[in-house]
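To start, the structure under review is shown below, and the notes come after it.
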Amino acid sequence: MAALEVEGLARHYGEREALSDVSLSLAEGQTLVVFGPNGAGKTTLLRVLATLLRPHAGSVRVLGSSLPDDAWAVRGRVGLLGHEPLLYRELTARENLRFHARLHGVGEERVRELLEAVAMGARANEPLRTLSRGMVQRVAVARTVLHDPDLLLLDEPHSNLDPAAVELVAPLIGARAGTGTEVDPTRRRTRVICSHDPSGDLAEADVVLGLRAGRPALLRAAADVDHEEIAELYR
Amino acid sequence: MSGPTTPTDESQATPHAALPRAAHARPGRPAHAPVGTARAIGALLRKELLVELRTLESVPGMSLFAVTTFVVFHFALNRASVEGDLAAGILWVTLLFAAILGVNRLFVADADQGGFDGFLLAPVDRSAMFVAKALTLLAFLVVLELVAVPAFALLLLGAPLGPALPGLLATLALGDLGVAVIGTLVAAMAVRTRARDLLGPLLALPLFVPIVIGGARAVSPLLVQSHPVAPAARWLLTLGLYDLVFGLIAYALFDFLLED
């Protein structure tokens, strides 16, 4: 079954066209990596898939539900890690995760488990505004996977993370599925990753989408894409 | 253009829907099932009060504004005390302007720190946010009045407050309900605009006028030196009806305000 089916998607902000004529399909368990220069429409695409933006044209089906009409059925099944951590600066990491856990009907044990998984247990009771950006990003990763979503939407997920932290969050947002601390070898996560780093993220991809000025310039199985084609998107 | 779909052997062999869900959902509740509205309101309310306790951005400012305004009136009117219509008018106008400060701050943390998106991604009824925010504003108003009403009695009111208190509390409760409902609606409309600090008061004040009228008329006969009488039922009814109408309007509109 396809996790994502997008046909002729368009989205604009006022007069400006952010996405135009985007079509793609992604099977469950696959990873789509989206490349493109700043302003190419990557974040807009993620926000449409996350039900936060309405498509202005075309059809979008996420996890079998049509958007925007059945967006309610998708909410809670998607984990979005965007540029903003979606966390309150005045609350601690633990309070932020507890808040999101309550909204998703997730128990306290999962919060503890994830704080340990992102190595934030020792600083879990400090307000987020006192933490470094890398630490906040780790908490944001924990928030993203708190409810074990069926679809992960990751916008440059490794930004602000040092190499050790990248390793730390890999089991949580990597291709192999699981509840975070224990990877399930029989399951693969369905993921959409926005990236500027072909050397790191091309290896993660099953399908590659290249966007330029909101329009698809490249859509192919990752095995058939080379670095030069991706570099061309940025020229 | 249609993209390739080349599922791995693993994903084909193990259909996702058939896999057991994570074991961390609340007992008796399937993962990703909608969360009850009451539970969501509780989570939101707890978060709101926690943020306010940490930042002290709204209630202290509102209270200080009200007390300062009474001090200014005390000197500007050059009177030892006020009563009747004048006292009721000063009390209500001051409380409403102080409330505006809270209304302006109500959604700022959500808009600036991604709280809207975090909430919209959760499987909860969106009206939970409206109810939680209105209850938050109501709580702020109650604390404001715990400070402002004694300050008003001390600095301006000639009549004793004791006999007027039951009627005053009933009127304030109805007025607060209206301010909380309208304030939440207006704050949600204004917060996503660039001129939110200006737009909030501009939208709220005209809608607050009937509350000032009803509240001041109801309270006026209570704030007199001799023979205070209970507030006229028609003004209390007017306030109650206004609360009800705007409660229904806000409940119906709030979903659309959260929409993209």
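Just remember, in the structure tokens the first chain shown is A, the second B, etc., residues are 1-based per chain, and ligands are 1-based in the order shown.
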
* To do: Fewer than 3 positions away in the same chain doesn't count, so skip those; otherwise give me all residues within 12 Å of Pro68 in chain A, counting only C-alpha atoms, as a list in words.
  => Arg47, Val48, Leu49, Ala50, Thr51, Leu52, Leu53, Arg54, Pro55, His56, Ala57, Gly58, Ser59, Val60, Arg61, Val62, Ser65, Ala71, Trp72, Ala73, Val74 and Arg75 of chain A; Glu259 and Asp260 of chain B

Write a file of the selected residues as a short mmCIF file (atom, residue, chain, number, x, y, z; two decimals), in the first residue's frame, keeping N, CA and C atoms.
```cif
data_model
loop_
_atom_site.label_atom_id
_atom_site.label_comp_id
_atom_site.auth_asym_id
_atom_site.auth_seq_id
_atom_site.Cartn_x
_atom_site.Cartn_y
_atom_site.Cartn_z
N ARG A 47 4.92 20.43 5.23
CA ARG A 47 3.78 20.96 6.00
C ARG A 47 2.44 20.56 5.39
N VAL A 48 2.40 20.42 4.08
CA VAL A 48 1.17 19.92 3.45
C VAL A 48 0.94 18.46 3.87
N LEU A 49 2.01 17.66 3.81
CA LEU A 49 1.88 16.25 4.18
C LEU A 49 1.53 16.08 5.66
N ALA A 50 1.95 17.05 6.47
CA ALA A 50 1.67 16.98 7.92
C ALA A 50 0.28 17.51 8.26
N THR A 51 -0.49 17.93 7.27
CA THR A 51 -1.85 18.49 7.39
C THR A 51 -1.86 19.92 7.95
N LEU A 52 -0.68 20.55 8.03
CA LEU A 52 -0.64 21.92 8.56
C LEU A 52 -0.94 22.96 7.50
N LEU A 53 -0.77 22.61 6.24
CA LEU A 53 -1.13 23.50 5.13
C LEU A 53 -2.08 22.76 4.21
N ARG A 54 -3.05 23.51 3.70
CA ARG A 54 -3.98 22.90 2.74
C ARG A 54 -3.38 22.93 1.34
N PRO A 55 -3.55 21.85 0.61
CA PRO A 55 -3.15 21.92 -0.80
C PRO A 55 -4.13 22.83 -1.55
N HIS A 56 -3.61 23.64 -2.46
CA HIS A 56 -4.48 24.53 -3.22
C HIS A 56 -4.94 23.91 -4.54
N ALA A 57 -4.23 22.89 -4.97
CA ALA A 57 -4.66 22.14 -6.17
C ALA A 57 -4.05 20.76 -6.10
N GLY A 58 -4.66 19.84 -6.83
CA GLY A 58 -4.15 18.48 -6.87
C GLY A 58 -4.73 17.63 -5.75
N SER A 59 -4.31 16.38 -5.73
CA SER A 59 -4.81 15.48 -4.70
C SER A 59 -3.64 14.95 -3.87
N VAL A 60 -3.90 14.81 -2.59
CA VAL A 60 -2.87 14.33 -1.66
C VAL A 60 -3.50 13.27 -0.77
N ARG A 61 -2.92 12.08 -0.79
CA ARG A 61 -3.35 11.03 0.13
C ARG A 61 -2.17 10.66 1.02
N VAL A 62 -2.40 10.74 2.33
CA VAL A 62 -1.36 10.40 3.30
C VAL A 62 -1.88 9.26 4.16
N SER A 65 -5.46 8.40 3.73
CA SER A 65 -6.51 9.42 3.94
C SER A 65 -6.29 10.60 3.01
N ALA A 71 -8.07 14.96 7.10
CA ALA A 71 -6.84 15.28 7.84
C ALA A 71 -6.90 14.78 9.27
N TRP A 72 -8.10 14.77 9.85
CA TRP A 72 -8.26 14.33 11.24
C TRP A 72 -7.75 12.90 11.43
N ALA A 73 -7.87 12.08 10.35
CA ALA A 73 -7.44 10.68 10.46
C ALA A 73 -5.93 10.54 10.40
N VAL A 74 -5.27 11.57 9.89
CA VAL A 74 -3.80 11.52 9.75
C VAL A 74 -3.11 12.06 11.00
N ARG A 75 -3.76 13.05 11.63
CA ARG A 75 -3.15 13.66 12.82
C ARG A 75 -2.90 12.59 13.88
N GLU B 259 -7.26 26.99 11.22
CA GLU B 259 -6.97 26.46 9.89
C GLU B 259 -5.95 27.32 9.19
N ASP B 260 -5.22 26.68 8.29
CA ASP B 260 -4.29 27.42 7.43
C ASP B 260 -5.07 28.39 6.57
#
```

* Asked: Quick one: which residues from chain A are at most 7 Å off chain B, using only C-alpha atoms, as a VMD selection string?
  -> chain A and resid 23 to 30 52 to 54 72 75 to 77 84 86 to 88 90 to 91 99 102 to 107 110 148 179 186 to 188 219 to 221

* How many Å lie between CA of Val208 in chain A and CA of Ala170 in chain A, rounded to one decimal? ->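 Result for CA of Val208 in chain A versus CA of Ala170 in chain A: 20.0 Å, one decimal.
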
* For CA of Val33 in chain A and CA of Glu113 in chain A, the interatomic separation in Å (one decimal) -> 28.4 Å

* as a count of residues only, please: all residues of range 14-225 of chain A that backbone DSSP puts in strand (DSSP E). => 63

* Using only C-alpha atoms, find the one residue out of A:Glu228, A:Glu7, A:Ala213, A:Ala2 that sits nearest to Gly39 in chain A. =>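 So, comparing all the options, the nearest one is A:Ala213.
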
* Asked: Neighbours of Leu172 in chain B within 10 Å (only C-alpha atoms; same-chain residues fewer than 6 positions away dropped), as a list in words?
  -> Trp92, Leu95, Leu141, Val142, Glu145, Pro166, Gly178, Ile211, Gly215, Ala216, Ala218, Val219, Leu236 and Leu239 of chain B

For Arg212 in chain A, work out the shell of residues within 8 Å, counting only C-alpha atoms and skipping chain neighbours fewer than 4 positions away, then give it as a short mmCIF file (atom, residue, chain, number, x, y, z; two decimals) with C-alpha atoms, in the first residue's frame.
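Result written to out_8.cif:
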```
data_model
loop_
_atom_site.label_atom_id
_atom_site.label_comp_id
_atom_site.auth_asym_id
_atom_site.auth_seq_id
_atom_site.Cartn_x
_atom_site.Cartn_y
_atom_site.Cartn_z
CA GLY A 36 16.56 21.50 -3.42
CA PRO A 37 17.96 24.95 -2.73
CA ALA A 40 12.49 25.38 -3.40
CA GLY A 41 9.35 24.29 -1.53
CA PRO A 216 9.91 18.82 -9.45
CA ALA A 217 13.17 18.73 -11.34
CA LEU A 233 19.72 21.38 -8.49
#
```

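For Gly240 in chain B, the set of protein, DNA and RNA residues having any atom at most 12 Å away, when counting only C-alpha atoms and skipping those fewer than 6 positions along the same chain, is Ala170, Thr171, Leu172, Ala173, Leu174, Gly175, Asp176, Leu177, Gly178, Val179, Pro210, Ile211, Gly214, Gly215, Ala233, Arg234, Phe246 and Gly247 of chain B.
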
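All residues of protein, DNA or RNA that reach within 10 Å of Arg196 in chain B, judged by only C-alpha atoms and not counting those fewer than 6 positions away in the chain, are Asn104, Arg105, Val108, Val186, Ala187, Ala188, Met189, Ala190 and Leu202 of chain B.
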
* How many Å lie between CA of Val22 in chain A and CA of Arg235 in chain A, rounded to one decimal? -> 20.7 Å

* Extract, using only C-alpha atoms, all DNA, RNA and protein residues at most 7 Å from Thr144 in chain A, discarding same-chain residues fewer than 4 positions from it, and format them as a PyMOL selection string. => chain A and resi 79-81+140

* **Backbone DSSP call of alpha helix (DSSP H) for range 91-221 of chain A, listed as number ranges by chain** => A: 93-104, 108-117, 133-145, 163-173, 198-201

Put those residues in a file: N, CA and C atoms, as a compact mmCIF listing (two decimals), in the first residue's frame.
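Written out: out22.txt:
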```
# COMPACT_ATOMS: atom_id res chain seq x y z
N ALA A 93 12.58 20.22 29.35
CA ALA A 93 12.44 19.15 28.34
C ALA A 93 11.38 18.15 28.79
N ARG A 94 11.41 17.80 30.08
CA ARG A 94 10.44 16.82 30.59
C ARG A 94 9.01 17.38 30.50
N GLU A 95 8.83 18.64 30.89
CA GLU A 95 7.48 19.23 30.85
C GLU A 95 6.97 19.32 29.41
N ASN A 96 7.86 19.68 28.49
CA ASN A 96 7.45 19.74 27.08
C ASN A 96 7.01 18.37 26.57
N LEU A 97 7.81 17.36 26.88
CA LEU A 97 7.46 16.02 26.38
C LEU A 97 6.20 15.50 27.06
N ARG A 98 6.05 15.80 28.35
CA ARG A 98 4.83 15.39 29.05
C ARG A 98 3.60 16.02 28.42
N PHE A 99 3.73 17.30 28.07
CA PHE A 99 2.61 18.01 27.44
C PHE A 99 2.21 17.33 26.13
N HIS A 100 3.20 17.07 25.29
CA HIS A 100 2.89 16.41 24.01
C HIS A 100 2.41 14.97 24.23
N ALA A 101 2.95 14.32 25.25
CA ALA A 101 2.52 12.94 25.55
C ALA A 101 1.04 12.93 25.92
N ARG A 102 0.62 13.90 26.71
CA ARG A 102 -0.81 13.96 27.09
C ARG A 102 -1.68 14.21 25.87
N LEU A 103 -1.22 15.08 24.96
CA LEU A 103 -2.01 15.36 23.76
C LEU A 103 -2.11 14.13 22.85
N HIS A 104 -1.14 13.25 22.94
CA HIS A 104 -1.14 12.05 22.08
C HIS A 104 -1.58 10.80 22.85
N GLU A 108 3.69 8.22 30.74
CA GLU A 108 4.88 8.86 31.31
C GLU A 108 6.15 8.04 31.07
N GLU A 109 5.99 6.73 31.04
CA GLU A 109 7.16 5.85 30.87
C GLU A 109 7.88 6.14 29.56
N ARG A 110 7.10 6.41 28.53
CA ARG A 110 7.67 6.71 27.22
C ARG A 110 8.49 8.01 27.26
N VAL A 111 8.03 8.98 28.03
CA VAL A 111 8.76 10.24 28.16
C VAL A 111 10.13 9.98 28.79
N ARG A 112 10.13 9.22 29.88
CA ARG A 112 11.40 8.88 30.56
C ARG A 112 12.35 8.15 29.60
N GLU A 113 11.77 7.18 28.90
CA GLU A 113 12.55 6.35 27.99
C GLU A 113 13.23 7.21 26.90
N LEU A 114 12.45 8.16 26.35
CA LEU A 114 13.00 8.98 25.27
C LEU A 114 14.01 10.00 25.77
N LEU A 115 13.79 10.53 26.96
CA LEU A 115 14.77 11.47 27.51
C LEU A 115 16.12 10.77 27.69
N GLU A 116 16.07 9.54 28.11
CA GLU A 116 17.31 8.77 28.25
C GLU A 116 17.88 8.47 26.86
N ALA A 117 17.01 8.15 25.92
CA ALA A 117 17.47 7.77 24.57
C ALA A 117 18.21 8.92 23.88
N ARG A 133 21.38 24.71 21.27
CA ARG A 133 20.49 24.39 20.15
C ARG A 133 20.53 22.90 19.83
N GLY A 134 21.69 22.31 20.00
CA GLY A 134 21.81 20.88 19.75
C GLY A 134 20.97 20.06 20.73
N MET A 135 20.99 20.49 21.99
CA MET A 135 20.18 19.78 23.00
C MET A 135 18.70 19.95 22.71
N VAL A 136 18.32 21.16 22.32
CA VAL A 136 16.90 21.39 21.98
C VAL A 136 16.50 20.52 20.80
N GLN A 137 17.41 20.37 19.84
CA GLN A 137 17.10 19.52 18.67
C GLN A 137 16.92 18.07 19.11
N ARG A 138 17.71 17.62 20.08
CA ARG A 138 17.55 16.25 20.57
C ARG A 138 16.19 16.07 21.23
N VAL A 139 15.77 17.08 22.00
CA VAL A 139 14.44 17.01 22.62
C VAL A 139 13.36 17.03 21.54
N ALA A 140 13.61 17.82 20.49
CA ALA A 140 12.63 17.89 19.39
C ALA A 140 12.51 16.53 18.68
N VAL A 141 13.63 15.83 18.56
CA VAL A 141 13.58 14.48 17.97
C VAL A 141 12.73 13.57 18.86
N ALA A 142 12.94 13.68 20.17
CA ALA A 142 12.14 12.86 21.11
C ALA A 142 10.66 13.21 20.98
N ARG A 143 10.36 14.49 20.84
CA ARG A 143 8.96 14.92 20.67
C ARG A 143 8.37 14.36 19.37
N THR A 144 9.17 14.31 18.34
CA THR A 144 8.69 13.83 17.03
C THR A 144 8.27 12.37 17.07
N VAL A 145 9.03 11.55 17.81
CA VAL A 145 8.77 10.10 17.78
C VAL A 145 8.01 9.62 19.03
N PRO A 163 28.34 15.19 15.70
CA PRO A 163 28.37 13.79 15.19
C PRO A 163 27.89 12.77 16.23
N ALA A 164 28.23 13.00 17.49
CA ALA A 164 27.80 12.05 18.53
C ALA A 164 26.28 12.07 18.66
N ALA A 165 25.70 13.25 18.58
CA ALA A 165 24.24 13.37 18.71
C ALA A 165 23.54 12.76 17.49
N VAL A 166 24.17 12.87 16.32
CA VAL A 166 23.60 12.25 15.12
C VAL A 166 23.50 10.74 15.32
N GLU A 167 24.55 10.17 15.88
CA GLU A 167 24.53 8.72 16.19
C GLU A 167 23.45 8.39 17.21
N LEU A 168 23.31 9.31 18.18
CA LEU A 168 22.37 9.10 19.27
C LEU A 168 20.92 9.02 18.77
N VAL A 169 20.58 9.92 17.84
CA VAL A 169 19.18 9.98 17.39
C VAL A 169 18.91 9.01 16.24
N ALA A 170 19.96 8.42 15.70
CA ALA A 170 19.78 7.53 14.53
C ALA A 170 18.76 6.41 14.79
N PRO A 171 18.79 5.75 15.95
CA PRO A 171 17.78 4.69 16.15
C PRO A 171 16.35 5.23 16.22
N LEU A 172 16.22 6.51 16.56
CA LEU A 172 14.86 7.07 16.71
C LEU A 172 14.25 7.47 15.38
N ILE A 173 15.09 7.97 14.47
CA ILE A 173 14.54 8.47 13.21
C ILE A 173 15.14 7.75 12.01
N PRO A 198 23.68 15.52 0.09
CA PRO A 198 23.58 14.28 -0.68
C PRO A 198 24.55 13.21 -0.19
N SER A 199 25.71 13.63 0.32
CA SER A 199 26.69 12.61 0.73
C SER A 199 26.16 11.80 1.91
N GLY A 200 25.38 12.43 2.78
CA GLY A 200 24.86 11.71 3.93
C GLY A 200 23.51 11.08 3.67
N ASP A 201 22.61 11.82 3.04
CA ASP A 201 21.22 11.38 2.99
C ASP A 201 20.84 10.59 1.74
```

* B:Pro150, B:Pro60, B:Gly200, B:Gly84: which is nearest Ser226 in chain B, counting only C-alpha atoms? -> B:Gly84
